[in-house]
Each structure stands twice: as structure tokens, then as C-alpha cells.
file structure-v4.tsv (TSV, C-alpha atoms)
chain	number	residue	atom	x	y	z
X	286	MET	CA	-37.65	-21.77	-20.34
X	287	LYS	CA	-36.52	-19.00	-17.99
X	288	ALA	CA	-35.26	-20.27	-14.64
X	289	LYS	CA	-36.45	-19.31	-11.18
X	290	ARG	CA	-33.46	-17.88	-9.32
X	291	LEU	CA	-33.41	-16.61	-5.75
X	292	ILE	CA	-30.83	-14.71	-3.71
X	293	VAL	CA	-31.55	-15.14	0.00
X	294	ASN	CA	-29.68	-12.29	1.68
X	295	ALA	CA	-29.39	-11.46	5.38
X	296	ASP	CA	-28.97	-7.83	6.37
X	297	ASP	CA	-27.16	-6.63	9.53
X	298	PHE	CA	-24.16	-8.98	9.36
X	299	GLY	CA	-21.85	-7.67	12.08
X	300	MET	CA	-24.47	-5.67	13.98
X	301	SER	CA	-24.07	-7.99	16.97
X	302	GLN	CA	-22.50	-11.35	17.69
X	303	GLY	CA	-25.91	-12.99	18.09
X	304	ILE	CA	-27.13	-11.68	14.75
X	305	THR	CA	-23.89	-12.72	13.08
X	306	ASP	CA	-24.08	-16.24	14.51
X	307	GLY	CA	-27.70	-16.53	13.41
X	308	ILE	CA	-26.75	-15.58	9.86
X	309	LEU	CA	-23.94	-18.13	9.81
X	310	LEU	CA	-26.29	-20.85	11.08
X	311	ALA	CA	-28.89	-19.95	8.44
X	312	HIS	CA	-26.25	-20.39	5.75
X	313	ARG	CA	-24.64	-23.54	7.12
X	314	PHE	CA	-27.85	-25.41	7.92
X	315	GLY	CA	-30.40	-23.63	5.74
X	316	PHE	CA	-30.91	-21.90	2.44
X	317	LEU	CA	-29.45	-18.45	3.13
X	318	THR	CA	-26.86	-17.68	0.44
X	319	SER	CA	-25.65	-14.16	1.11
X	320	ALA	CA	-25.20	-11.45	3.76
X	321	SER	CA	-24.68	-7.69	3.89
X	322	LEU	CA	-21.97	-6.48	6.29
X	323	MET	CA	-22.25	-3.43	8.56
X	324	ALA	CA	-18.62	-2.35	8.75
X	325	ASN	CA	-19.13	0.22	11.51
X	326	MET	CA	-20.94	-1.98	14.02
X	327	PRO	CA	-19.57	-3.70	17.15
X	328	ALA	CA	-19.37	-7.24	15.74
X	329	ALA	CA	-17.98	-6.30	12.31
X	330	GLU	CA	-14.53	-7.77	12.98
X	331	TYR	CA	-16.14	-10.90	14.41
X	332	ALA	CA	-18.27	-11.21	11.26
X	333	ALA	CA	-15.33	-10.69	8.91
X	334	ALA	CA	-13.27	-13.34	10.72
X	335	ARG	CA	-16.12	-15.87	10.61
X	336	ALA	CA	-16.86	-15.12	6.95
X	337	ALA	CA	-13.26	-15.95	6.07
X	338	LYS	CA	-13.89	-19.48	7.38
X	339	MET	CA	-17.13	-19.85	5.39
X	340	PRO	CA	-16.25	-19.03	1.77
X	341	THR	CA	-19.60	-20.27	0.40
X	342	LEU	CA	-21.30	-17.32	2.11
X	343	ALA	CA	-21.28	-14.36	-0.29
X	344	VAL	CA	-20.77	-11.08	1.57
X	345	GLY	CA	-21.71	-7.62	0.38
X	346	MET	CA	-22.07	-4.23	2.06
X	347	HIS	CA	-24.94	-2.98	4.23
X	348	LEU	CA	-23.78	0.63	4.03
X	349	ASN	CA	-24.82	2.50	7.13
X	350	ILE	CA	-25.19	6.20	7.90
X	351	CYS	CA	-28.02	6.02	10.46
X	352	GLN	CA	-26.82	3.85	13.36
X	353	GLY	CA	-23.67	3.75	15.47
X	354	LYS	CA	-20.54	5.77	14.78
X	355	PRO	CA	-18.88	6.36	11.40
X	356	VAL	CA	-15.77	4.58	10.23
X	357	LEU	CA	-14.28	7.99	9.40
X	358	ALA	CA	-13.53	10.55	12.08
X	359	ALA	CA	-16.68	12.42	13.09
X	360	SER	CA	-15.09	15.70	11.97
X	361	LYS	CA	-14.96	14.36	8.40
X	362	VAL	CA	-18.69	13.60	8.29
X	363	ALA	CA	-20.00	16.45	10.41
X	364	SER	CA	-23.33	16.75	8.60
X	365	LEU	CA	-24.16	13.10	9.39
X	366	VAL	CA	-23.48	13.00	13.13
X	367	ASP	CA	-24.74	14.56	16.34
X	368	GLY	CA	-22.75	16.19	19.12
X	369	ASN	CA	-21.64	12.80	20.43
X	370	GLY	CA	-20.26	11.71	17.06
X	371	ASP	CA	-23.11	9.24	16.48
X	372	PHE	CA	-25.05	9.01	13.23
X	373	PHE	CA	-28.46	10.65	13.36
X	374	PRO	CA	-31.14	7.95	13.76
X	375	PRO	CA	-33.13	6.89	10.67
X	376	ALA	CA	-36.11	9.23	11.00
X	377	ALA	CA	-33.95	12.29	11.67
X	378	LEU	CA	-31.51	11.45	8.90
X	379	ALA	CA	-34.34	10.84	6.43
X	380	ARG	CA	-35.66	14.34	7.11
X	381	LYS	CA	-32.20	15.80	6.57
X	382	LEU	CA	-31.81	13.86	3.32
X	383	TRP	CA	-35.14	15.16	2.02
X	384	ARG	CA	-34.14	18.74	2.92
X	385	GLY	CA	-30.69	18.41	1.37
X	386	ALA	CA	-29.18	19.19	4.77
X	387	VAL	CA	-26.33	16.70	4.46
X	388	SER	CA	-23.11	16.73	2.48
X	389	THR	CA	-23.18	14.28	-0.42
X	390	ALA	CA	-19.38	14.33	-0.42
X	391	GLU	CA	-19.38	13.19	3.22
X	392	ILE	CA	-21.85	10.40	2.49
X	393	GLU	CA	-19.73	9.20	-0.41
X	394	ALA	CA	-16.57	9.33	1.70
X	395	GLU	CA	-18.16	7.33	4.53
X	396	PHE	CA	-19.61	4.76	2.15
X	397	ARG	CA	-16.20	4.29	0.54
X	398	ALA	CA	-14.53	4.06	3.95
X	399	GLN	CA	-16.89	1.26	4.97
X	400	ILE	CA	-16.23	-0.64	1.75
X	401	CYS	CA	-12.48	-0.19	2.18
X	402	TRP	CA	-12.75	-1.43	5.78
X	403	ALA	CA	-14.32	-4.65	4.50
X	404	LYS	CA	-11.65	-5.08	1.83
X	405	ASP	CA	-8.91	-4.52	4.42
X	406	HIS	CA	-10.47	-7.35	6.45
X	407	GLY	CA	-10.36	-9.83	3.60
X	408	ILE	CA	-13.83	-9.34	2.11
X	409	GLU	CA	-14.34	-8.63	-1.58
X	410	PRO	CA	-17.93	-7.33	-1.54
X	411	THR	CA	-20.34	-9.00	-3.96
X	412	HIS	CA	-22.98	-6.27	-3.76
X	413	ALA	CA	-24.15	-3.20	-1.90
X	414	ASP	CA	-27.35	-2.05	-0.23
X	415	SER	CA	-27.92	0.16	2.81
X	416	HIS	CA	-29.30	0.12	6.33
X	417	GLN	CA	-32.91	1.36	6.40
X	418	HIS	CA	-32.69	1.91	2.61
X	419	MET	CA	-31.05	5.31	3.11
X	420	HIS	CA	-29.24	5.06	-0.21
X	421	ILE	CA	-32.43	5.48	-2.24
X	422	TYR	CA	-33.28	8.87	-0.72
X	423	PRO	CA	-32.53	11.67	-3.19
X	424	GLY	CA	-29.94	13.20	-0.85
X	425	ALA	CA	-27.87	9.99	-0.76
X	426	LEU	CA	-28.55	8.39	-4.13
X	427	ARG	CA	-25.74	9.98	-6.14
X	428	ALA	CA	-23.21	9.45	-3.35
X	429	PHE	CA	-24.13	5.77	-3.13
X	430	CYS	CA	-23.79	5.19	-6.87
X	431	ARG	CA	-20.48	7.04	-7.05
X	432	ALA	CA	-19.01	5.22	-4.03
X	433	VAL	CA	-20.10	1.75	-5.14
X	434	GLU	CA	-18.88	2.24	-8.69
X	435	ALA	CA	-15.56	3.73	-7.55
X	436	GLU	CA	-14.93	0.72	-5.30
X	437	GLY	CA	-15.58	-1.76	-8.11
X	438	ILE	CA	-18.90	-3.17	-6.87
X	439	SER	CA	-21.07	-4.02	-9.85
X	440	CYS	CA	-24.19	-5.42	-8.13
X	441	VAL	CA	-26.76	-3.62	-5.98
X	442	ARG	CA	-30.08	-4.45	-4.37
X	443	ALA	CA	-33.05	-3.77	-6.63
X	444	PRO	CA	-35.03	-0.78	-5.36
X	445	ARG	CA	-38.24	-2.18	-6.86
X	446	CYS	CA	-40.34	-4.45	-4.62
X	447	ARG	CA	-42.69	-7.19	-5.78
X	448	VAL	CA	-45.38	-8.97	-3.80
X	449	VAL	CA	-45.46	-12.73	-4.41
X	450	PRO	CA	-48.08	-14.07	-4.61
X	451	ALA	CA	-49.64	-10.94	-6.08
X	452	SER	CA	-52.04	-9.43	-3.55
X	453	GLY	CA	-53.91	-7.12	-5.88
X	454	VAL	CA	-53.28	-4.23	-3.47
X	455	ILE	CA	-52.55	-1.01	-5.35
X	456	GLY	CA	-49.18	0.39	-4.35
X	457	GLY	CA	-47.63	-2.98	-3.60
X	458	PRO	CA	-46.12	-3.68	-0.17
X	459	HIS	CA	-45.49	-0.08	0.86
X	460	GLU	CA	-46.86	1.56	4.00
X	461	GLY	CA	-49.25	4.52	4.26
X	462	ARG	CA	-52.23	5.87	2.42
X	463	LEU	CA	-52.88	5.00	-1.21
X	464	PRO	CA	-51.27	8.12	-2.77
X	465	ARG	CA	-48.07	7.54	-0.79
X	466	ARG	CA	-47.95	3.84	-1.71
X	467	VAL	CA	-48.39	4.59	-5.40
X	468	LEU	CA	-45.73	7.33	-5.34
X	469	VAL	CA	-43.22	5.13	-3.50
X	470	GLN	CA	-43.81	2.27	-5.90
X	471	ALA	CA	-43.37	4.55	-8.94
X	472	TYR	CA	-40.26	6.18	-7.46
X	473	ARG	CA	-38.57	2.85	-6.80
X	474	ALA	CA	-39.38	1.59	-10.30
X	475	ALA	CA	-37.97	4.80	-11.77
X	476	LEU	CA	-34.72	4.38	-9.80
X	477	GLN	CA	-34.31	0.87	-11.14
X	478	ALA	CA	-34.76	2.07	-14.71
X	479	THR	CA	-32.52	5.14	-14.44
X	480	ALA	CA	-30.02	5.75	-11.62
X	481	PHE	CA	-29.29	2.04	-11.04
X	482	ARG	CA	-29.34	0.86	-14.64
X	483	LYS	CA	-25.53	0.72	-14.77
X	484	PHE	CA	-25.48	-1.98	-12.05
X	485	GLN	CA	-26.42	-5.65	-12.06
X	486	MET	CA	-29.40	-6.44	-9.84
X	487	PRO	CA	-32.32	-8.82	-9.46
X	488	GLU	CA	-35.63	-7.99	-11.10
X	489	ALA	CA	-37.09	-7.08	-7.71
X	490	ARG	CA	-36.84	-7.59	-3.97
X	491	LEU	CA	-39.63	-9.87	-2.75
X	492	SER	CA	-41.99	-8.47	-0.18
X	493	PHE	CA	-45.39	-8.99	1.42
X	494	PRO	CA	-48.42	-6.84	2.27
X	495	PRO	CA	-47.91	-4.75	5.44
X	496	ARG	CA	-50.26	-6.86	7.59
X	497	GLU	CA	-48.35	-10.04	6.76
X	498	ARG	CA	-44.99	-8.40	7.46
X	499	ARG	CA	-46.09	-7.26	10.90
X	500	ASP	CA	-47.66	-10.57	12.01
X	501	LEU	CA	-44.91	-13.07	12.82
X	502	ALA	CA	-47.49	-15.85	13.04
X	503	LEU	CA	-47.94	-15.48	9.27
X	504	LEU	CA	-44.24	-15.51	8.39
X	505	GLY	CA	-43.87	-19.20	7.56
X	506	GLU	CA	-47.12	-19.27	5.60
X	507	SER	CA	-46.13	-16.15	3.65
X	508	TRP	CA	-42.73	-17.56	2.75
X	509	MET	CA	-44.22	-20.89	1.69
X	510	LYS	CA	-46.74	-19.17	-0.59
X	511	MET	CA	-43.95	-17.05	-2.04
X	512	LEU	CA	-41.82	-20.09	-2.86
X	513	THR	CA	-44.78	-21.99	-4.30
X	514	GLU	CA	-45.84	-19.15	-6.59
X	515	LEU	CA	-42.45	-17.62	-7.42
X	516	PRO	CA	-42.44	-16.76	-11.13
X	517	ALA	CA	-39.54	-17.25	-13.51
X	518	GLY	CA	-36.85	-14.62	-13.09
X	519	THR	CA	-34.20	-13.49	-10.62
X	520	PHE	CA	-35.31	-12.13	-7.24
X	521	GLU	CA	-33.97	-11.37	-3.76
X	522	LEU	CA	-35.52	-12.36	-0.47
X	523	ALA	CA	-34.03	-9.99	2.10
X	524	CYS	CA	-34.20	-11.21	5.69
X	525	HIS	CA	-32.87	-10.50	9.19
X	526	PRO	CA	-32.09	-13.76	11.03
X	527	GLY	CA	-30.37	-13.74	14.39
X	528	LEU	CA	-29.99	-15.31	17.81
X	529	PHE	CA	-30.97	-13.68	21.09
X	530	GLU	CA	-27.99	-11.95	22.67
X	531	ARG	CA	-28.25	-10.71	26.23
X	532	GLY	CA	-27.36	-7.06	26.51
X	533	PHE	CA	-28.30	-6.34	22.90
X	534	SER	CA	-31.56	-8.03	21.96
X	535	GLU	CA	-33.55	-6.42	24.79
X	536	THR	CA	-33.38	-3.11	22.88
X	537	ASP	CA	-33.58	-4.58	19.38
X	538	ARG	CA	-37.15	-3.95	18.19
X	539	ILE	CA	-37.10	-6.89	15.73
X	540	HIS	CA	-35.32	-9.51	17.86
X	541	LEU	CA	-38.38	-11.81	17.80
X	542	GLN	CA	-38.56	-11.51	14.02
X	543	ARG	CA	-34.87	-12.45	13.78
X	544	GLU	CA	-35.40	-15.67	15.71
X	545	GLU	CA	-38.53	-16.55	13.72
X	546	GLU	CA	-36.75	-15.98	10.40
X	547	LEU	CA	-33.83	-18.15	11.51
X	548	HIS	CA	-36.32	-20.93	12.26
X	549	TRP	CA	-37.85	-20.81	8.78
X	550	LEU	CA	-34.52	-20.39	6.98
X	551	THR	CA	-33.46	-23.76	8.38
X	552	ASP	CA	-36.86	-25.46	8.05
X	553	ALA	CA	-36.94	-28.75	6.12
X	554	MET	CA	-40.35	-27.99	4.58
X	555	MET	CA	-39.05	-24.73	3.13
X	556	MET	CA	-36.08	-26.50	1.61
X	557	ARG	CA	-38.36	-29.14	0.09
X	558	ALA	CA	-40.48	-26.34	-1.38
X	559	LEU	CA	-37.38	-24.88	-3.02
X	560	ARG	CA	-36.59	-28.23	-4.62
X	561	GLN	CA	-40.15	-29.02	-5.64
X	562	ASN	CA	-40.57	-25.62	-7.29
X	563	GLU	CA	-37.18	-25.89	-9.03
X	564	ILE	CA	-35.84	-22.68	-7.50
X	565	GLU	CA	-32.11	-22.17	-7.98
X	566	LEU	CA	-30.37	-20.57	-5.01
X	567	ILE	CA	-27.76	-18.04	-6.11
X	568	THR	CA	-25.77	-15.07	-4.82
X	569	TYR	CA	-25.08	-11.63	-6.28
X	570	ARG	CA	-21.83	-13.06	-7.59
X	571	ASP	CA	-23.85	-15.24	-9.93
X	572	LEU	CA	-25.26	-12.18	-11.66
X	573	VAL	CA	-21.80	-11.52	-13.11
X	574	GLU	CA	-20.25	-15.01	-12.84
X	575	PRO	CA	-23.01	-17.50	-13.77
X	576	SER	CA	-20.82	-20.57	-13.31
X	577	VAL	CA	-20.66	-19.98	-9.57
X	578	SER	CA	-24.34	-20.89	-9.20
X	579	ARG	CA	-23.54	-24.55	-9.84
X	580	ALA	CA	-21.23	-24.59	-6.82
X	581	THR	CA	-23.95	-22.98	-4.70
X	582	ALA	CA	-26.49	-25.57	-5.83
X	583	THR	CA	-24.07	-28.42	-5.15
X	584	ARG	CA	-23.42	-27.23	-1.61
X	585	HIS	CA	-27.12	-27.09	-0.78
X	586	ALA	CA	-27.77	-30.47	-2.36
X	587	ALA	CA	-25.09	-31.94	-0.10
X	588	LEU	CA	-26.98	-30.52	2.91
X	589	GLY	CA	-30.19	-32.15	1.75
X	590	GLY	CA	-31.36	-28.72	0.63
X	591	PRO	CA	-32.42	-27.55	-2.81
X	592	ALA	CA	-30.24	-28.64	-5.70
call {"tool": "encode", "arguments": {"input": "structure-v4.tsv", "output": "C-alpha cells"}}
result
Amino acid sequence: MKAKRLIVNADDFGMSQGITDGILLAHRFGFLTSASLMANMPAAEYAAARAAKMPTLAVGMHLNICQGKPVLAASKVASLVDGNGDFFPPAALARKLWRGAVSTAEIEAEFRAQICWAKDHGIEPTHADSHQHMHIYPGALRAFCRAVEAEGISCVRAPRCRVVPASGVIGGPHEGRLPRRVLVQAYRAALQATAFRKFQMPEARLSFPPRERRDLALLGESWMKMLTELPAGTFELACHPGLFERGFSETDRIHLQREEELHWLTDAMMMRALRQNEIELITYRDLVEPSVSRATATRHAALGGPA
């Protein structure tokens, strides 16, 4: 019988010290197995140093071209930055990517520079994804695949999303009117079957209908339903845990979500649900090195978590 396997991955590792500490707590005392590092953000060195002391936390890359400053000199990625040398924000960059108004060579160079930064700081990335999903836009897709492959990363986040339990909503979890939702869903499925087929990845990233994602009061209930009805297969639950950090969180639009997710990632009922539903916690490393999953399961069993 096919097993139920789940990667629980935190994005934004290194964005701030509070977020980084929240991710570490979710791994040490909860069921978070993996994190994606933002090499160009203020707490990246802090995150890399803490990760070195927590080898059971698998660390991949949250490649970033839409927040903060580049790892490379601004002059080397001129199409990606404004007059202050900062990356264009997500909405502006997305428009540029759709218009083809960015250099794919510069995107590839910056992606590779961020991966090399992580390697230079002792991290051997287990996987790659990107901040705000910029890597799946047509203008960045080829650069992402080339950079990840060139740097020896064999696992990536699945572009396809799956709602569990199935909601029956046409177009899955995506935002907007029905035609947009259907097109986005079809585009992501096509990417998984074509551009990303050379990489190892889960069958899908788990998601929820838009209303449930926006209502934090429903978060615990949504996660519990997802664990209870998770089908056989390999999936990723992407999350954004974190602690409040004065001077940063006041301008972080999802800081309340981060604290709520940290609560549920360390919740005893959630960990019982993982055990009762025989869900195996894994990392991206387990997609290419299956024996590692036993060590992951043993660690969580020792914490009283899912075995």
C-alpha cells in the first residue's frame, strides 16, 4: 500500500531573526521538517549559523528577486532593481516578467549567487523554490531551471496545488474569477509535466480554498481536516511560522499568520493526528535518499511526535 508522506516546509528562513527563531522552534518542538533560506535577507547569516547547530532541519533555497537587495552588485542585475539598488516589489516584477522586460541571464546569475552564498555558509541545499513564486513566471522559468540544475539541486517545489480535503471548487485554491483560476491551475499542472519533469518533487503542494486561507480562525481546523483526509502519496505543506520581532513585524503583512502557524505546528493534537493517520514526515532529501526518512521519523518519535 502506498504510504502517506508529508514535507512540512517553512518559507522565509533568514528574512528576520524572529521568523528564523520561529522556524527553529517549529522544528525542535513540532513537526516542521524543512525550511527555505532567503540568502539576501538581513538574518541570513543568523539562519545559516543556527541551521549548522540543528542538522535534522533540512534547508533549501527560497530564491528571491522581489524583496531586499541582490547578492550580486546591482550593476550586474540592472533589469531587476530600481534606482536604489533594491529589487522591484512582487507586483511590479511580475508585470516585468510577463512583458519579458528582464534579463533571464541576470535572473540566472542572481539565483546562482544566492545558492553559492548558502553553500559558502555551510549549507548544502536540499531543494529550491522562490519568494512569491516568481520562478514559475515565464520570464524566470528557464533561468530558475538552469540555475538550480547547474548548482546540483535535484529537488524543487511542485508547482501544482491540491486542495485537501477536496472542496469541489473548480480551479482549485487559486484566486480570481473562474477563467483565471482554471488557467492558473492548468498552467501549473503543465509546468509540472514539462519544464520541471527533470527534477524530483512532491505530487503537489497542499493548499486550501481562498476563504479558508484568509481566515486565521479557520487555520487549525483546515490543517486538521487536511491531515485526517490526506491521501496516499507525497505532498508538501508550505508554511510561514515566525515570532513577533519589534521593528520588523509591524510592517510584515502576515505577522499574525506566522504566529498562528507556529502555534499549530507545535500543537499536540496535530502531532497526534499525524500519528493516527500514519503520515510519515520527510524532507526533500528523502526524495533522493529514502533511508533518511527513518532518521526523521525517529527524531519526531523521540519528541512524542509522529513516528
call {"tool": "residues_near_point", "arguments": {"input": "structure-v4.tsv", "point": "(-45.0, -11.7, -3.1)", "cutoff": "6 Å", "atoms": "only C-alpha atoms", "output": "PyMOL selection string"}}
result
chain X and resi 447-451+491-493+511
call {"tool": "atom_distance", "arguments": {"input": "structure-v4.tsv", "atom1": "CA of Val573 (chain X)", "atom2": "CA of Arg397 (chain X)"}}
result
21.6 Å
call {"tool": "residues_around", "arguments": {"input": "structure-v4.tsv", "residues": "Lys483 (chain X)", "least_positions_apart": "6", "cutoff": "10 Å", "atoms": "all atoms listed in the file", "output": "JSON, numbers by chain"}}
result
{"X": [430, 434, 439, 440, 441, 477]}
call {"tool": "residues_around", "arguments": {"input": "structure-v4.tsv", "residues": "Gln399 (chain X)", "least_positions_apart": "3", "cutoff": "6 Å", "atoms": "only C-alpha atoms", "output": "list in words"}}
result
Ala324, Phe396 and Trp402 of chain X
call {"tool": "closest_residue", "arguments": {"input": "structure-v4.tsv", "among": "X:Leu504, X:Ala333, X:Met346, X:Met486", "to": "Phe429 (chain X)", "atoms": "only C-alpha atoms"}}
result
X:Met346
call {"tool": "atom_distance", "arguments": {"input": "structure-v4.tsv", "atom1": "CA of Arg445 (chain X)", "atom2": "CA of His418 (chain X)"}}
result
11.7 Å
call {"tool": "atom_distance", "arguments": {"input": "structure-v4.tsv", "atom1": "CA of Thr479 (chain X)", "atom2": "CA of Ser415 (chain X)"}}
result
18.5 Å
call {"tool": "residues_around", "arguments": {"input": "structure-v4.tsv", "residues": "Arg380 (chain X)", "least_positions_apart": "4", "cutoff": "12 Å", "atoms": "all atoms listed in the file", "output": "PDB file with C-alpha atoms, in the frame of the given file"}}
result
ATOM      1  CA  CYS X 351     -28.020   6.020  10.460  1.00  0.00           C
ATOM      2  CA  LEU X 365     -24.160  13.100   9.390  1.00  0.00           C
ATOM      3  CA  PHE X 373     -28.460  10.650  13.360  1.00  0.00           C
ATOM      4  CA  PRO X 374     -31.140   7.950  13.760  1.00  0.00           C
ATOM      5  CA  PRO X 375     -33.130   6.890  10.670  1.00  0.00           C
ATOM      6  CA  ALA X 376     -36.110   9.230  11.000  1.00  0.00           C
ATOM      7  CA  ARG X 384     -34.140  18.740   2.920  1.00  0.00           C
ATOM      8  CA  GLY X 385     -30.690  18.410   1.370  1.00  0.00           C
ATOM      9  CA  ALA X 386     -29.180  19.190   4.770  1.00  0.00           C
ATOM     10  CA  VAL X 387     -26.330  16.700   4.460  1.00  0.00           C
ATOM     11  CA  MET X 419     -31.050   5.310   3.110  1.00  0.00           C
ATOM     12  CA  TYR X 422     -33.280   8.870  -0.720  1.00  0.00           C
ATOM     13  CA  PRO X 423     -32.530  11.670  -3.190  1.00  0.00           C
ATOM     14  CA  GLY X 424     -29.940  13.200  -0.850  1.00  0.00           C
ATOM     15  CA  ALA X 425     -27.870   9.990  -0.760  1.00  0.00           C
TER      16      ALA X 425
END
